[in-house]
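S.K.: I have a structure here, written as structure tokens, and I will follow up with some questions on it.
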Amino acid sequence: MKEFDPVKYKAMVRSYQENDDPTGWFDSIYTNAQGDYKNVFWADLEANPYFLEWLKTSPHKAERMKAVVIGCGVGDDAQALGEEGYEVTAFDISPEAIRLCKHRYPDTKVNYLVADLFDYPSQWFESFDLIYECNTIQVLPGNYRVLARDKMISLLAPGGYILVSCRSRLKGEKKMKFLCPLIKRR
């Protein structure tokens, strides 16, 4: 695994953003893990605890409900949904992230796919009862965050739920500044 360097990371992301390619850099993060999902520096390696709490307390019935996880990373949240009984589609723009998921969970019922939120398959339109996105859109520049929000909403079936979890910025912080992922020490 290549050592994480926040200065180089920010420079890399900025170069992609300046070339109007806001998602082009994601695959390099997973490729740098060199086939080991534990080496993805921003992966928590467990489902989001707030998401798990929502799953426990939500009054809906998971059976026969379709869910999608946007920017699934190494698959923790998608697996939690699958264990709750959802029919889960989990996608990431990074082919390497999807390879890591399939290797990590070889017997999963989750359908892991390489896909782009900005150009998703047409049959996904308004077809998911639950949409979950965690810490993905926050690294996009402002105009792409708005587009991502609209694309996520377009996936939602009537009467469905959309859950978005992200780190926030303080009032007055630059809107176009991208966030550096928090690093969990292991």
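Labeling convention for the structure tokens: chains A, B, ... as they appear, residues from 1 per chain, ligands from 1 in order of appearance.
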Taking a cut-off of 8 Å and counting only C-alpha atoms, can you build a table that, for each residue of range 55-173 of chain A near range 36-40 of chain A, reports the nearest atom pair and how far apart they are in Å (one decimal), sorted by chain then residue number, as a Markdown table?
M.R.:
| residue | atom | partner | partner_atom | distance |
| --- | --- | --- | --- | --- |
| A:Val74 | CA | A:Tyr37 | CA | 6.4 |
| A:Leu100 | CA | A:Tyr37 | CA | 5.9 |
| A:Cys101 | CA | A:Tyr37 | CA | 7.9 |
| A:Arg104 | CA | A:Tyr37 | CA | 7.5 |
S.K.: For Lys109 in chain A, which of A:Leu81, A:Ile29, A:Cys134, A:Ile93 is the closest residue, counting only C-alpha atoms?
M.R.: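 So, comparing all the options, the nearest one is A:Leu81.
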S.K.: Pick from A:Ile131, A:Ala67, A:Met152, A:Leu147: nearest to Val110 in chain A, with only C-alpha atoms counted?
M.R.: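 The shortest atom-to-atom distance to Val110 in chain A comes from A:Ala67.
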S.K.: Which residue is closest to Tyr86 in chain A? Choose from A:Ser154, A:Met65, A:Asp116, A:Cys72 and count only C-alpha atoms.
M.R.: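 The closest residue to Tyr86 in chain A is A:Met65.
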S.K.: Enumerate, as a PyMOL selection string, the complete set of residues in range 6-71 of chain A that a backbone-based DSSP assignment places in strand (DSSP E).
M.R.: chain A and resi 66-70
S.K.: If DSSP is run on the backbone, what residues of range 63-97 of chain A are helix (DSSP H, G or I)? A reply as a ChimeraX atom specification would be ideal.
M.R.: /A:76-83,95-97
S.K.: Generate a file of the selected residues that holds N, CA and C atoms, formatted as a compact mmCIF listing (two decimals), in the first residue's frame.
M.R.:
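Ended up saving to again-v2.txt:
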# COMPACT_ATOMS: atom_id res chain seq x y z
N ASP A 76 -19.34 -2.31 3.42
CA ASP A 76 -19.87 -2.53 4.77
C ASP A 76 -21.36 -2.20 4.89
N ASP A 77 -21.78 -1.03 4.41
CA ASP A 77 -23.18 -0.62 4.53
C ASP A 77 -24.08 -1.48 3.65
N ALA A 78 -23.61 -1.84 2.47
CA ALA A 78 -24.40 -2.69 1.58
C ALA A 78 -24.66 -4.05 2.22
N GLN A 79 -23.65 -4.60 2.84
CA GLN A 79 -23.81 -5.90 3.51
C GLN A 79 -24.82 -5.80 4.65
N ALA A 80 -24.78 -4.71 5.42
CA ALA A 80 -25.74 -4.52 6.51
C ALA A 80 -27.16 -4.50 5.98
N LEU A 81 -27.38 -3.83 4.86
CA LEU A 81 -28.71 -3.81 4.24
C LEU A 81 -29.14 -5.20 3.81
N GLY A 82 -28.22 -5.93 3.19
CA GLY A 82 -28.52 -7.29 2.77
C GLY A 82 -28.90 -8.18 3.93
N GLU A 83 -28.20 -8.02 5.04
CA GLU A 83 -28.49 -8.82 6.24
C GLU A 83 -29.85 -8.47 6.83
N PRO A 95 -13.87 0.50 -10.49
CA PRO A 95 -13.85 -0.95 -10.73
C PRO A 95 -13.08 -1.69 -9.64
N GLU A 96 -12.01 -1.09 -9.14
CA GLU A 96 -11.21 -1.75 -8.10
C GLU A 96 -12.00 -1.87 -6.79
N ALA A 97 -12.81 -0.88 -6.45
CA ALA A 97 -13.65 -0.99 -5.25
C ALA A 97 -14.60 -2.17 -5.38
S.K.: Please, what distance in Å, to one decimal, runs between CA of Cys166 in chain A and CA of Asn135 in chain A?
M.R.: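 We find that CA of Cys166 in chain A and CA of Asn135 in chain A lie 4.6 Å from each other.
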S.K.: Could you state the separation of CA of Glu133 in chain A and CA of Val164 in chain A in Å, given to one decimal place?
M.R.: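 About the pair CA of Glu133 in chain A and CA of Val164 in chain A: they are 4.9 Å apart.
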S.K.: What's the 8 Å shell around Ser127 in chain A, counting only C-alpha atoms, without same-chain residues fewer than 4 positions away, as a PyMOL selection string?
M.R.: chain A and resi 66+123+155-157
S.K.: Residues of the last selection are to be written out with C-alpha atoms, as a compact mmCIF listing (two decimals), in the first residue's frame.
M.R.:
# COMPACT_ATOMS: atom_id res chain seq x y z
CA LYS A 66 -35.12 -2.74 -3.14
CA GLN A 123 -34.08 0.96 -15.56
CA LEU A 155 -33.60 6.80 -8.20
CA LEU A 156 -36.23 6.93 -5.45
CA ALA A 157 -39.47 5.00 -5.90
S.K.: Pull the closest atom pair for each residue of range 56-157 of chain A that gets at most 8 Å from range 7-23 of chain A, along with the distance in Å to one decimal, counting only C-alpha atoms, ordering rows by chain and then ascending residue number, as CSV.
M.R.:
residue,atom,partner,partner_atom,distance
A:Ile93,CA,A:Thr23,CA,7.6
A:Leu140,CA,A:Pro22,CA,6.1
A:Pro141,CA,A:Pro22,CA,7.1
A:Tyr144,CA,A:Pro22,CA,7.8
